[in-house]
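What follows is structure03.cif (mmCIF, C-alpha atoms).
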```cif
data_entry
#
loop_
_atom_site.label_atom_id
_atom_site.label_comp_id
_atom_site.auth_asym_id
_atom_site.auth_seq_id
_atom_site.Cartn_x
_atom_site.Cartn_y
_atom_site.Cartn_z
CA MET V 1 126.34 89.19 76.09
CA ALA V 2 122.96 87.52 75.86
CA PRO V 3 120.73 89.94 73.90
CA TRP V 4 117.72 89.22 76.11
CA ILE V 5 119.41 90.83 79.12
CA GLU V 6 118.85 94.29 77.63
CA GLN V 7 115.15 94.08 78.53
CA THR V 8 115.59 92.32 81.87
CA VAL V 9 114.74 93.56 85.34
CA TRP V 10 115.35 90.94 88.03
CA TRP V 11 113.28 90.19 91.11
CA GLN V 12 115.78 88.65 93.52
CA VAL V 13 114.56 86.06 96.02
CA PHE V 14 116.43 84.31 98.83
CA PRO V 15 114.53 80.99 98.66
CA LEU V 16 115.46 79.40 102.01
CA GLY V 17 114.25 82.47 103.85
CA PHE V 18 111.34 83.23 101.52
CA VAL V 19 109.70 79.83 102.05
CA GLY V 20 110.46 79.65 105.78
CA ALA V 21 112.84 76.70 105.61
CA PRO V 22 114.68 75.64 108.79
CA ASP V 23 118.03 77.34 109.42
CA GLN V 24 119.79 73.98 109.81
CA ALA V 25 119.45 71.04 107.45
CA ASP V 26 118.67 67.69 109.08
CA PRO V 27 120.17 64.87 106.97
CA ALA V 28 117.55 62.47 108.36
CA ALA V 29 114.60 64.72 107.56
CA PRO V 30 112.38 63.93 104.56
CA VAL V 31 112.18 66.21 101.54
CA VAL V 32 109.74 69.08 102.11
CA HIS V 33 108.28 70.59 98.94
CA ARG V 34 108.47 74.29 99.77
CA LEU V 35 109.49 75.67 96.36
CA SER V 36 105.84 75.66 95.31
CA HIS V 37 105.35 78.53 97.78
CA LEU V 38 107.40 80.69 95.45
CA GLN V 39 105.19 79.84 92.47
CA ALA V 40 102.30 81.59 94.22
CA TRP V 41 104.26 84.85 93.89
CA LEU V 42 105.17 84.70 90.19
CA ASP V 43 102.09 86.61 89.02
CA TYR V 44 102.89 89.28 91.60
CA ALA V 45 106.39 89.57 90.10
CA VAL V 46 105.00 89.82 86.58
CA GLU V 47 102.55 92.53 87.65
CA LEU V 48 105.46 94.40 89.20
CA GLY V 49 106.96 94.46 85.71
CA VAL V 50 110.06 92.33 86.18
CA SER V 51 111.12 89.82 83.56
CA GLY V 52 113.47 87.62 85.55
CA LEU V 53 113.61 85.68 88.80
CA ALA V 54 117.06 85.71 90.42
CA LEU V 55 117.25 82.93 92.99
CA GLY V 56 119.58 82.67 95.94
CA PRO V 57 121.08 79.26 96.80
CA ILE V 58 118.79 76.30 96.14
CA PHE V 59 121.26 73.40 96.30
CA ALA V 60 121.80 70.96 99.16
CA ALA V 61 123.63 72.73 101.97
CA ALA V 62 124.07 72.54 105.73
CA THR V 63 122.70 75.96 106.78
CA HIS V 64 122.30 79.22 104.84
CA GLY V 65 122.89 77.75 101.39
CA TYR V 66 126.41 79.05 100.87
CA ASP V 67 127.92 75.96 102.54
CA THR V 68 127.10 73.62 99.68
CA ILE V 69 127.06 69.86 100.16
CA ASP V 70 125.81 68.74 96.73
CA PRO V 71 125.40 71.24 93.88
CA PHE V 72 123.68 68.60 91.72
CA ARG V 73 120.80 68.21 94.20
CA ILE V 74 118.03 70.61 95.23
CA ASP V 75 118.14 71.34 98.95
CA PRO V 76 115.68 68.91 100.61
CA ARG V 77 114.39 71.82 102.70
CA LEU V 78 113.11 73.31 99.41
CA GLY V 79 112.08 70.17 97.54
CA ASP V 80 113.53 68.07 94.78
CA GLU V 81 114.32 68.21 91.08
CA ALA V 82 110.64 67.87 90.15
CA ASP V 83 109.92 71.01 92.19
CA PHE V 84 112.69 72.81 90.34
CA ASP V 85 111.28 71.70 86.99
CA ALA V 86 107.82 72.90 88.02
CA LEU V 87 109.19 76.30 89.05
CA ILE V 88 111.04 76.66 85.74
CA ALA V 89 107.90 75.72 83.82
CA ALA V 90 105.78 78.19 85.81
CA ALA V 91 108.33 80.95 85.22
CA ARG V 92 108.56 80.14 81.51
CA ALA V 93 104.76 80.28 81.19
CA ARG V 94 104.92 83.86 82.43
CA GLY V 95 107.90 84.92 80.34
CA LEU V 96 110.26 85.02 83.31
CA ARG V 97 113.95 84.17 82.99
CA VAL V 98 115.61 82.34 85.90
CA LEU V 99 119.05 83.10 87.34
CA LEU V 100 120.74 80.67 89.75
CA ASP V 101 123.24 81.39 92.52
CA GLY V 102 126.47 79.43 92.14
CA VAL V 103 128.78 79.01 95.13
CA PHE V 104 132.06 77.94 93.57
CA ASN V 105 134.68 79.66 95.68
CA HIS V 106 134.11 77.26 98.57
CA VAL V 107 132.04 74.33 99.84
CA GLY V 108 130.70 73.38 103.25
CA ARG V 109 132.68 71.13 105.58
CA ALA V 110 130.02 68.47 105.04
CA HIS V 111 130.77 68.28 101.31
CA PRO V 112 131.65 64.64 100.46
CA ALA V 113 135.03 65.57 98.97
CA PHE V 114 136.14 67.32 102.15
CA GLN V 115 134.73 64.58 104.34
CA ASP V 116 136.82 62.13 102.31
CA VAL V 117 139.87 64.24 103.15
CA LEU V 118 139.03 64.11 106.84
CA ARG V 119 138.63 60.33 106.71
CA ASN V 120 141.53 59.35 104.46
CA GLY V 121 144.09 62.09 104.91
CA PRO V 122 146.54 63.06 102.14
CA GLU V 123 145.61 59.93 100.18
CA ALA V 124 142.00 61.05 99.73
CA ARG V 125 140.96 60.85 96.09
CA GLN V 126 139.97 64.53 95.92
CA ALA V 127 142.57 65.98 98.26
CA ASN V 128 143.80 68.24 95.46
CA TRP V 129 140.38 69.95 95.40
CA PHE V 130 141.44 71.97 98.45
CA ARG V 131 144.38 74.00 99.68
CA LEU V 132 145.57 71.84 102.57
CA SER V 133 148.46 72.02 104.99
CA TRP V 134 149.17 68.73 106.73
CA PRO V 135 150.87 68.38 110.12
CA ARG V 136 154.00 66.24 110.25
CA GLY V 137 153.12 62.54 110.35
CA SER V 138 149.60 63.04 109.04
CA GLY V 139 147.42 60.12 108.16
CA PRO V 140 143.78 59.07 108.05
CA GLY V 141 141.65 60.83 110.64
CA ILE V 142 144.05 63.76 111.07
CA GLU V 143 142.51 67.14 110.16
CA PRO V 144 144.71 69.43 108.07
CA ASP V 145 144.77 73.18 108.17
CA TYR V 146 142.93 74.54 105.13
CA ALA V 147 142.10 77.74 103.31
CA CYS V 148 138.64 79.02 104.15
CA PHE V 149 136.43 81.88 103.03
CA GLU V 150 137.10 85.09 104.96
CA GLY V 151 137.90 83.23 108.18
CA HIS V 152 134.74 81.10 108.23
CA ARG V 153 135.96 77.58 109.02
CA GLN V 154 132.69 76.06 107.84
CA LEU V 155 133.41 77.33 104.31
CA VAL V 156 136.31 75.40 102.78
CA THR V 157 137.98 77.17 99.87
CA LEU V 158 138.42 75.18 96.68
CA ASN V 159 141.78 74.86 94.92
CA HIS V 160 141.09 76.81 91.75
CA ASP V 161 144.37 75.72 90.19
CA ALA V 162 143.15 72.12 90.00
CA PRO V 163 141.76 71.23 86.55
CA GLN V 164 139.33 68.81 88.19
CA VAL V 165 137.72 71.67 90.12
CA ALA V 166 137.27 73.71 86.95
CA ASP V 167 135.70 70.74 85.19
CA HIS V 168 133.41 70.14 88.17
CA VAL V 169 132.18 73.74 88.25
CA ALA V 170 131.62 73.76 84.49
CA ALA V 171 129.64 70.52 84.80
CA VAL V 172 127.41 71.98 87.53
CA MET V 173 126.73 75.14 85.55
CA ASP V 174 126.02 73.16 82.38
CA HIS V 175 123.69 70.74 84.18
CA TRP V 176 121.29 73.37 85.50
CA ILE V 177 121.30 75.54 82.38
CA ALA V 178 120.43 72.44 80.38
CA ARG V 179 117.62 71.85 82.88
CA GLY V 180 116.12 75.30 82.23
CA ALA V 181 118.09 78.03 83.99
CA ASP V 182 119.10 81.09 81.97
CA GLY V 183 122.31 81.94 83.76
CA TRP V 184 124.28 82.24 86.97
CA ARG V 185 125.19 84.73 89.65
CA LEU V 186 128.66 83.65 90.81
CA ASP V 187 128.98 84.12 94.55
CA ALA V 188 132.23 85.64 95.90
CA ALA V 189 133.53 85.83 92.34
CA TYR V 190 136.10 88.38 93.51
CA ALA V 191 137.81 85.73 95.68
CA VAL V 192 138.46 83.40 92.74
CA PRO V 193 141.36 83.87 90.27
CA PRO V 194 140.08 85.35 86.99
CA HIS V 195 141.87 82.67 84.96
CA PHE V 196 139.68 80.05 86.64
CA TRP V 197 136.48 81.78 85.55
CA ALA V 198 137.85 82.26 82.05
CA ARG V 199 138.52 78.54 81.72
CA VAL V 200 135.15 77.51 83.15
CA LEU V 201 133.10 79.99 81.14
CA ARG V 202 134.78 78.98 77.88
CA GLN V 203 133.51 75.46 78.53
CA VAL V 204 130.02 76.56 79.55
CA ARG V 205 129.49 78.90 76.61
CA ILE V 206 130.23 76.21 74.05
CA ALA V 207 126.85 74.67 74.81
CA HIS V 208 125.09 77.76 76.19
CA PRO V 209 126.23 80.89 74.33
CA GLU V 210 123.25 82.95 75.50
CA ALA V 211 123.61 82.21 79.20
CA TYR V 212 123.94 85.32 81.36
CA ILE V 213 126.82 85.23 83.85
CA VAL V 214 127.24 87.89 86.54
CA GLY V 215 129.88 87.85 89.24
CA GLU V 216 129.64 89.16 92.77
CA VAL V 217 132.39 91.78 92.99
CA ILE V 218 132.45 94.34 95.82
CA HIS V 219 135.18 96.74 94.72
CA GLY V 220 138.13 97.05 92.37
CA ASP V 221 138.43 97.43 88.62
CA TYR V 222 135.05 96.11 87.49
CA ALA V 223 135.72 96.47 83.77
CA ARG V 224 139.05 94.65 83.95
CA PHE V 225 137.45 91.82 85.93
CA VAL V 226 134.79 91.39 83.24
CA ARG V 227 137.40 91.39 80.49
CA ASP V 228 139.69 88.92 82.28
CA THR V 229 136.96 86.45 83.25
CA GLY V 230 134.59 86.48 80.29
CA MET V 231 131.61 87.29 82.49
CA ASP V 232 128.79 89.47 81.21
CA ALA V 233 128.64 91.71 84.26
CA VAL V 234 129.47 92.23 87.90
CA THR V 235 127.51 93.65 90.82
CA GLN V 236 127.65 97.45 91.07
CA TYR V 237 128.36 97.94 94.76
CA GLU V 238 130.05 101.28 94.21
CA LEU V 239 126.86 102.83 92.79
CA TRP V 240 124.74 101.13 95.49
CA LYS V 241 126.79 102.80 98.21
CA ALA V 242 126.79 106.18 96.50
CA ILE V 243 123.01 106.22 96.12
CA TRP V 244 122.10 105.82 99.79
CA SER V 245 125.14 107.69 101.08
CA ALA V 246 124.57 110.73 98.86
CA LEU V 247 120.91 110.87 99.83
CA ASN V 248 121.63 110.50 103.54
CA ASP V 249 124.39 113.10 103.54
CA ARG V 250 122.54 115.39 101.14
CA ASN V 251 125.73 115.40 99.10
CA LEU V 252 124.79 114.77 95.49
CA PHE V 253 128.37 115.43 94.39
CA GLU V 254 129.07 111.87 95.60
CA LEU V 255 126.30 110.55 93.36
CA ALA V 256 127.54 112.55 90.37
CA HIS V 257 131.05 111.17 90.85
CA ALA V 258 129.75 107.59 91.06
CA LEU V 259 127.63 108.07 87.95
CA ASP V 260 130.70 109.30 86.06
CA ARG V 261 132.57 106.15 87.09
CA HIS V 262 129.51 104.11 86.17
CA ASN V 263 129.80 105.56 82.66
CA GLY V 264 133.25 104.00 82.46
CA CYS V 265 131.81 100.59 83.30
CA LEU V 266 129.18 100.99 80.58
CA ASP V 267 131.95 101.41 78.01
CA THR V 268 132.74 97.73 78.64
CA PHE V 269 129.62 96.08 80.10
CA ALA V 270 126.24 96.73 81.71
CA PRO V 271 126.58 96.18 85.48
CA LEU V 272 124.00 94.52 87.71
CA THR V 273 122.55 97.50 89.60
CA PHE V 274 120.60 97.41 92.85
CA VAL V 275 119.66 99.33 95.98
CA GLY V 276 119.11 96.16 98.01
CA ASN V 277 120.04 92.49 98.08
CA HIS V 278 120.23 89.54 100.47
CA ASP V 279 123.54 90.69 101.95
CA VAL V 280 122.85 94.33 102.89
CA THR V 281 120.54 96.37 105.11
CA ARG V 282 117.29 97.05 103.29
CA ILE V 283 117.12 100.40 101.52
CA ALA V 284 114.06 101.51 103.53
CA SER V 285 116.09 100.99 106.72
CA ARG V 286 119.33 102.37 105.29
CA LEU V 287 117.89 105.76 104.32
CA THR V 288 117.68 108.30 107.14
CA ASP V 289 114.80 110.15 105.47
CA ASP V 290 111.84 108.13 104.19
CA ARG V 291 111.04 110.89 101.72
CA HIS V 292 114.14 109.95 99.73
CA LEU V 293 113.18 106.33 98.99
CA PRO V 294 111.56 107.39 95.68
CA HIS V 295 114.77 109.21 94.78
CA ALA V 296 116.80 106.02 95.22
CA LEU V 297 114.36 104.09 93.03
CA ALA V 298 114.32 106.78 90.36
CA ILE V 299 118.12 106.62 90.14
CA LEU V 300 118.18 102.83 89.99
CA LEU V 301 115.52 102.54 87.30
CA THR V 302 116.86 105.23 84.98
CA CYS V 303 120.62 104.64 85.08
CA GLY V 304 122.41 102.19 82.80
CA GLY V 305 122.74 98.54 83.77
CA THR V 306 120.50 95.60 84.59
CA PRO V 307 118.39 96.48 87.65
CA SER V 308 117.64 93.97 90.38
CA ILE V 309 114.86 94.43 92.95
CA TYR V 310 115.32 92.47 96.18
CA ALA V 311 112.04 90.79 97.13
CA GLY V 312 110.33 92.87 99.78
CA ASP V 313 112.04 96.13 98.87
CA GLU V 314 109.14 96.80 96.50
CA GLN V 315 106.93 96.77 99.63
CA ALA V 316 109.32 98.97 101.66
CA PHE V 317 110.24 96.05 103.92
CA ARG V 318 112.64 97.02 106.66
CA GLY V 319 115.56 94.99 107.98
CA VAL V 320 119.04 95.68 109.31
CA LYS V 321 121.96 93.37 108.62
CA GLU V 322 124.07 92.68 111.70
CA GLU V 323 127.58 91.22 111.87
CA ARG V 324 126.78 88.26 114.12
CA VAL V 325 125.49 84.70 113.88
CA GLY V 326 121.95 85.03 112.55
CA GLY V 327 122.62 88.61 111.54
CA ASP V 328 121.04 88.07 108.11
CA ASP V 329 117.71 86.86 109.45
CA ALA V 330 116.06 90.28 109.42
CA ILE V 331 116.82 90.81 105.73
CA ARG V 332 115.87 87.26 104.67
CA PRO V 333 112.37 86.84 106.13
CA ALA V 334 109.68 84.33 105.28
CA PHE V 335 106.95 85.65 102.99
CA PRO V 336 103.25 85.01 103.60
CA PRO V 337 101.35 82.41 101.55
CA THR V 338 100.18 84.90 98.92
CA PRO V 339 100.60 88.61 98.10
CA ALA V 340 97.07 89.21 99.41
CA ASP V 341 98.45 88.53 102.88
CA LEU V 342 100.88 91.46 102.77
CA ALA V 343 100.37 94.46 105.03
CA PRO V 344 98.58 97.34 103.29
CA TYR V 345 101.22 100.03 103.93
CA GLY V 346 103.70 98.68 101.36
CA TRP V 347 101.50 98.84 98.27
CA PRO V 348 102.18 102.52 97.37
CA ILE V 349 105.90 101.68 97.06
CA TYR V 350 105.00 98.59 95.02
CA ARG V 351 103.04 100.80 92.62
CA LEU V 352 105.96 103.23 92.40
CA HIS V 353 108.30 100.36 91.49
CA ARG V 354 105.78 99.17 88.91
CA ASP V 355 105.47 102.62 87.35
CA LEU V 356 109.23 103.18 87.19
CA ILE V 357 109.86 99.74 85.70
CA ALA V 358 107.20 100.49 83.07
CA LEU V 359 108.94 103.80 82.31
CA ARG V 360 112.23 101.97 81.89
CA ARG V 361 110.61 99.60 79.41
CA ARG V 362 109.30 102.52 77.39
CA HIS V 363 112.88 103.79 77.10
CA ALA V 364 114.78 100.67 76.07
CA GLY V 365 118.03 102.59 75.58
CA LEU V 366 118.37 103.07 79.32
CA HIS V 367 120.10 99.69 79.60
CA ARG V 368 123.31 101.24 78.28
CA ALA V 369 122.44 104.84 79.17
CA ARG V 370 125.33 107.12 80.02
CA THR V 371 124.68 110.04 82.33
CA ARG V 372 125.69 113.65 81.87
CA THR V 373 125.29 116.10 84.72
CA LEU V 374 123.50 119.32 83.75
CA HIS V 375 123.12 120.89 87.18
CA LEU V 376 124.74 119.98 90.50
CA ALA V 377 124.55 121.26 94.06
CA ASN V 378 124.68 119.51 97.42
CA GLU V 379 120.91 119.04 97.50
CA GLN V 380 119.96 119.17 93.80
CA ILE V 381 121.01 117.37 90.67
CA VAL V 382 119.81 117.17 87.09
CA VAL V 383 121.24 114.52 84.81
CA VAL V 384 120.46 113.52 81.26
CA LEU V 385 120.43 109.80 80.54
CA GLY V 386 120.69 108.17 77.14
CA ASP V 387 122.60 105.74 74.94
CA GLY V 388 123.94 108.32 72.51
CA ALA V 389 120.88 110.53 72.27
CA ALA V 390 119.02 112.20 75.11
CA ARG V 391 116.27 109.94 76.40
CA VAL V 392 115.20 111.23 79.79
CA LEU V 393 116.17 113.80 82.38
CA LEU V 394 116.29 112.98 86.08
CA ALA V 395 115.90 115.86 88.55
CA LEU V 396 116.24 115.44 92.33
CA ASN V 397 115.71 117.87 95.19
CA LEU V 398 116.73 116.97 98.76
CA ALA V 399 116.07 120.39 100.26
CA ASP V 400 113.27 121.52 102.56
CA ALA V 401 112.20 124.17 100.06
CA ALA V 402 110.90 124.11 96.49
CA VAL V 403 113.64 124.66 93.90
CA PRO V 404 113.58 125.54 90.18
CA LEU V 405 116.01 123.48 88.11
CA PRO V 406 117.09 123.69 84.46
CA VAL V 407 115.80 120.88 82.24
CA PRO V 408 116.61 122.07 78.69
CA ASP V 409 114.30 120.76 75.96
CA ALA V 410 112.18 118.74 78.41
CA ARG V 411 108.70 118.29 76.95
CA ALA V 412 106.81 116.65 79.81
CA ILE V 413 107.08 115.10 83.27
CA GLU V 414 106.75 111.34 82.92
CA ALA V 415 107.11 110.41 86.61
CA GLY V 416 107.33 112.28 89.87
CA GLN V 417 105.95 115.76 90.50
CA GLY V 418 106.85 119.31 89.61
CA ASP V 419 105.84 122.36 87.63
CA LEU V 420 107.36 122.49 84.15
CA ALA V 421 107.78 125.88 82.52
CA GLU V 422 108.77 126.73 78.91
CA ALA V 423 108.43 123.06 77.98
CA GLY V 424 110.32 121.91 74.91
CA GLY V 425 112.64 124.90 74.79
CA PRO V 426 116.25 125.49 75.79
CA SER V 427 115.15 127.44 78.86
CA ALA V 428 112.78 124.78 80.16
CA ARG V 429 112.83 124.48 83.92
CA VAL V 430 111.05 122.35 86.47
CA THR V 431 110.21 123.49 89.98
CA LEU V 432 110.43 120.54 92.31
CA PRO V 433 108.62 120.57 95.67
CA PRO V 434 110.58 120.04 98.90
CA HIS V 435 112.21 116.59 98.71
CA GLY V 436 110.73 116.16 95.26
CA TRP V 437 111.90 114.40 92.13
CA ALA V 438 110.88 114.12 88.51
CA ILE V 439 111.75 112.15 85.39
CA LEU V 440 111.17 114.16 82.25
CA VAL V 441 111.15 113.28 78.56
CA VAL V 442 112.99 115.29 75.96
#
```
Output the file's structure in the form of structure tokens.
Amino acid sequence: MAPWIEQTVWWQVFPLGFVGAPDQADPAAPVVHRLSHLQAWLDYAVELGVSGLALGPIFAAATHGYDTIDPFRIDPRLGDEADFDALIAAARARGLRVLLDGVFNHVGRAHPAFQDVLRNGPEARQANWFRLSWPRGSGPGIEPDYACFEGHRQLVTLNHDAPQVADHVAAVMDHWIARGADGWRLDAAYAVPPHFWARVLRQVRIAHPEAYIVGEVIHGDYARFVRDTGMDAVTQYELWKAIWSALNDRNLFELAHALDRHNGCLDTFAPLTFVGNHDVTRIASRLTDDRHLPHALAILLTCGGTPSIYAGDEQAFRGVKEERVGGDDAIRPAFPPTPADLAPYGWPIYRLHRDLIALRRRHAGLHRARTRTLHLANEQIVVVLGDGAARVLLALNLADAAVPLPVPDARAIEAGQGDLAEAGGPSARVTLPPHGWAILVV
């Protein structure tokens, strides 16, 4: 694992939405240099306290970016390679790492290799790039049946058993790391055979041993997937679900169970943790009680892993994902020209994010922090978090009344609110207000 990841907190941006690019690419349209819009927000990200910029798709595509046409070219709706270089330079000047989004399970129908198949039939030069089923008597101009991603016919699945596909993916990853990226998020990594990733990543790491590689995995045996593929991490969807679900149901036993399973992941790797991303309803909309948003953030920014903040969540943006065409629009909005143009109501949540990220930096061991539950009820929990030695205590109260909770040896409240009694001793306790929370140092 790249050692720099231990200090990283990502700010995740969906560029096509962020800069207000058109939903559909027009092949005849000129390049529009929109990536510079993102540069105007880098100081805002640094002031938030993050140390990395995790970008959604930026390569030439037909619509939302996950239907790639040319992974060696910046999407003309965003700009060109010079715009990419300028963004990398601006990020570097501020100490920000840059993570790219790689779509290597599938390509768009407009990808040249698939278009060659449609024109030339089974004799197409790159026909083995795809999993095709040809009708009897097929020839040029006859469309085959083909594997596609989760039923979406616009997303043509690659043949991951073809050595040429592995070499192609390795070449794409190498090209952009050499151009300044620090690593890759691998989209739909769960849909690709682990042996494919293992082959590709062996090639990539020869030239780029410190690149950070994280795979999108929804469920399953996370640790085994990491071991089998050679990735550094996967996305921690199980913990994401447990955080908002436990808070909504006022059932912190669910959270405690998920944190125990999270400990098992940390024995192998540090997952990418989050409470929001470009594919899910925003956390401020997901929670049924606004008073519990700080609780979700306190969990995210104290538990082990590499946290990722989805742009806008730090301002309590709202947005509901819907399962329909255009159903992602509400969670992938355009951002104003500068942070000064944001509405005033989101800044208290921004400051809370900033304070919790600063706390995490003061306690570097939280990256691999295991949790141990000290007190558990439906509406209260106290956990100790550390990487072998106690670092901090996290106490949550979801009830409508104030509650005293045991926090043995806690010396002070570092974030949140409460009344600490018998500080520093084995009988230390904190009284949290209704729907209160606190992070305490030992």
Discussion item. For the PyMOL selection byres ((chain V and resi 377-386) around 8), applied here, can you spell out every residue it catches as a PyMOL selection string?
Written reply: chain V and resi 250-253+302-303+365-366+368-376+387-399+405-407
Please, could you write that set of residues out with C-alpha atoms as a compact mmCIF listing (two decimals), in the coordinates of the input?
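Output contents, as saved in out.txt:
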```
# COMPACT_ATOMS: atom_id res chain seq x y z
CA ARG V 250 122.54 115.39 101.14
CA ASN V 251 125.73 115.40 99.10
CA LEU V 252 124.79 114.77 95.49
CA PHE V 253 128.37 115.43 94.39
CA THR V 302 116.86 105.23 84.98
CA CYS V 303 120.62 104.64 85.08
CA GLY V 365 118.03 102.59 75.58
CA LEU V 366 118.37 103.07 79.32
CA ARG V 368 123.31 101.24 78.28
CA ALA V 369 122.44 104.84 79.17
CA ARG V 370 125.33 107.12 80.02
CA THR V 371 124.68 110.04 82.33
CA ARG V 372 125.69 113.65 81.87
CA THR V 373 125.29 116.10 84.72
CA LEU V 374 123.50 119.32 83.75
CA HIS V 375 123.12 120.89 87.18
CA LEU V 376 124.74 119.98 90.50
CA ASP V 387 122.60 105.74 74.94
CA GLY V 388 123.94 108.32 72.51
CA ALA V 389 120.88 110.53 72.27
CA ALA V 390 119.02 112.20 75.11
CA ARG V 391 116.27 109.94 76.40
CA VAL V 392 115.20 111.23 79.79
CA LEU V 393 116.17 113.80 82.38
CA LEU V 394 116.29 112.98 86.08
CA ALA V 395 115.90 115.86 88.55
CA LEU V 396 116.24 115.44 92.33
CA ASN V 397 115.71 117.87 95.19
CA LEU V 398 116.73 116.97 98.76
CA ALA V 399 116.07 120.39 100.26
CA LEU V 405 116.01 123.48 88.11
CA PRO V 406 117.09 123.69 84.46
CA VAL V 407 115.80 120.88 82.24
```
Worksheet item: Which polymer residues, protein or nucleic acid, are no farther than 12 Å from (105.9, 78.3, 97.3), counting all atoms listed in the file, as a ChimeraX atom specification?
Response: /V:13,15-21,32-42,77-79,83-84,86-87,90,334-339
Using only C-alpha atoms, what residues lie at most 7 Å away from (118.3, 93.7, 88.9) (file coordinates), given as a short mmCIF file (atom, residue, chain, number, x, y, z; two decimals) with C-alpha atoms, in the coordinates of the input?
```cif
data_model
loop_
_atom_site.label_atom_id
_atom_site.label_comp_id
_atom_site.auth_asym_id
_atom_site.auth_seq_id
_atom_site.Cartn_x
_atom_site.Cartn_y
_atom_site.Cartn_z
CA VAL V 9 114.74 93.56 85.34
CA TRP V 10 115.35 90.94 88.03
CA TRP V 11 113.28 90.19 91.11
CA LEU V 272 124.00 94.52 87.71
CA THR V 273 122.55 97.50 89.60
CA PHE V 274 120.60 97.41 92.85
CA THR V 306 120.50 95.60 84.59
CA PRO V 307 118.39 96.48 87.65
CA SER V 308 117.64 93.97 90.38
CA ILE V 309 114.86 94.43 92.95
#
```
Mind telling me what the PyMOL selection byres ((chain V and resi 107-119) around 6) catches here, as a PDB file with C-alpha atoms, in the frame of the given file?
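selection_37.pdb was written with the following content:
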```
ATOM      1  CA  ASP V  67     127.920  75.960 102.540  1.00  0.00           C
ATOM      2  CA  THR V  68     127.100  73.620  99.680  1.00  0.00           C
ATOM      3  CA  ILE V  69     127.060  69.860 100.160  1.00  0.00           C
ATOM      4  CA  HIS V 106     134.110  77.260  98.570  1.00  0.00           C
ATOM      5  CA  ASN V 120     141.530  59.350 104.460  1.00  0.00           C
ATOM      6  CA  GLY V 121     144.090  62.090 104.910  1.00  0.00           C
ATOM      7  CA  ALA V 124     142.000  61.050  99.730  1.00  0.00           C
ATOM      8  CA  GLN V 126     139.970  64.530  95.920  1.00  0.00           C
ATOM      9  CA  ALA V 127     142.570  65.980  98.260  1.00  0.00           C
ATOM     10  CA  PRO V 140     143.780  59.070 108.050  1.00  0.00           C
ATOM     11  CA  GLY V 141     141.650  60.830 110.640  1.00  0.00           C
ATOM     12  CA  GLU V 143     142.510  67.140 110.160  1.00  0.00           C
ATOM     13  CA  GLN V 154     132.690  76.060 107.840  1.00  0.00           C
ATOM     14  CA  LEU V 155     133.410  77.330 104.310  1.00  0.00           C
ATOM     15  CA  VAL V 156     136.310  75.400 102.780  1.00  0.00           C
TER      16      VAL V 156
END
```
Discussion item. Need the shell around range 341-357 of chain V: protein/DNA/RNA residues with any atom at most 10 Å away, counting all atoms listed in the file. Skip same-chain ones fewer than 5 positions apart. Format as a ChimeraX atom specification?
Written reply: /V:9,45-50,293-294,297-302,307,309,312-317,335-336,362-363,414-416,439
Would you write out those residues with C-alpha atoms, as an mmCIF file, in the frame of the given file?
```
data_model
loop_
_atom_site.group_PDB
_atom_site.id
_atom_site.type_symbol
_atom_site.label_atom_id
_atom_site.label_comp_id
_atom_site.auth_asym_id
_atom_site.auth_seq_id
_atom_site.Cartn_x
_atom_site.Cartn_y
_atom_site.Cartn_z
ATOM 1 C CA VAL V 9 114.740 93.560 85.340
ATOM 2 C CA ALA V 45 106.390 89.570 90.100
ATOM 3 C CA VAL V 46 105.000 89.820 86.580
ATOM 4 C CA GLU V 47 102.550 92.530 87.650
ATOM 5 C CA LEU V 48 105.460 94.400 89.200
ATOM 6 C CA GLY V 49 106.960 94.460 85.710
ATOM 7 C CA VAL V 50 110.060 92.330 86.180
ATOM 8 C CA LEU V 293 113.180 106.330 98.990
ATOM 9 C CA PRO V 294 111.560 107.390 95.680
ATOM 10 C CA LEU V 297 114.360 104.090 93.030
ATOM 11 C CA ALA V 298 114.320 106.780 90.360
ATOM 12 C CA ILE V 299 118.120 106.620 90.140
ATOM 13 C CA LEU V 300 118.180 102.830 89.990
ATOM 14 C CA LEU V 301 115.520 102.540 87.300
ATOM 15 C CA THR V 302 116.860 105.230 84.980
ATOM 16 C CA PRO V 307 118.390 96.480 87.650
ATOM 17 C CA ILE V 309 114.860 94.430 92.950
ATOM 18 C CA GLY V 312 110.330 92.870 99.780
ATOM 19 C CA ASP V 313 112.040 96.130 98.870
ATOM 20 C CA GLU V 314 109.140 96.800 96.500
ATOM 21 C CA GLN V 315 106.930 96.770 99.630
ATOM 22 C CA ALA V 316 109.320 98.970 101.660
ATOM 23 C CA PHE V 317 110.240 96.050 103.920
ATOM 24 C CA PHE V 335 106.950 85.650 102.990
ATOM 25 C CA PRO V 336 103.250 85.010 103.600
ATOM 26 C CA ARG V 362 109.300 102.520 77.390
ATOM 27 C CA HIS V 363 112.880 103.790 77.100
ATOM 28 C CA GLU V 414 106.750 111.340 82.920
ATOM 29 C CA ALA V 415 107.110 110.410 86.610
ATOM 30 C CA GLY V 416 107.330 112.280 89.870
ATOM 31 C CA ILE V 439 111.750 112.150 85.390
#
```
Discussion item. Quick one: residues within 6 Å of Asp187 in chain V, all atoms listed in the file, excluding same-chain residues fewer than 6 positions away - as JSON, numbers by chain?
Written reply: {"V": [102, 103, 216]}
Serialized selection, C-alpha atoms, as an mmCIF file, in the coordinates of the input:
```
data_model
loop_
_atom_site.group_PDB
_atom_site.id
_atom_site.type_symbol
_atom_site.label_atom_id
_atom_site.label_comp_id
_atom_site.auth_asym_id
_atom_site.auth_seq_id
_atom_site.Cartn_x
_atom_site.Cartn_y
_atom_site.Cartn_z
ATOM 1 C CA GLY V 102 126.470 79.430 92.140
ATOM 2 C CA VAL V 103 128.780 79.010 95.130
ATOM 3 C CA GLU V 216 129.640 89.160 92.770
#
```
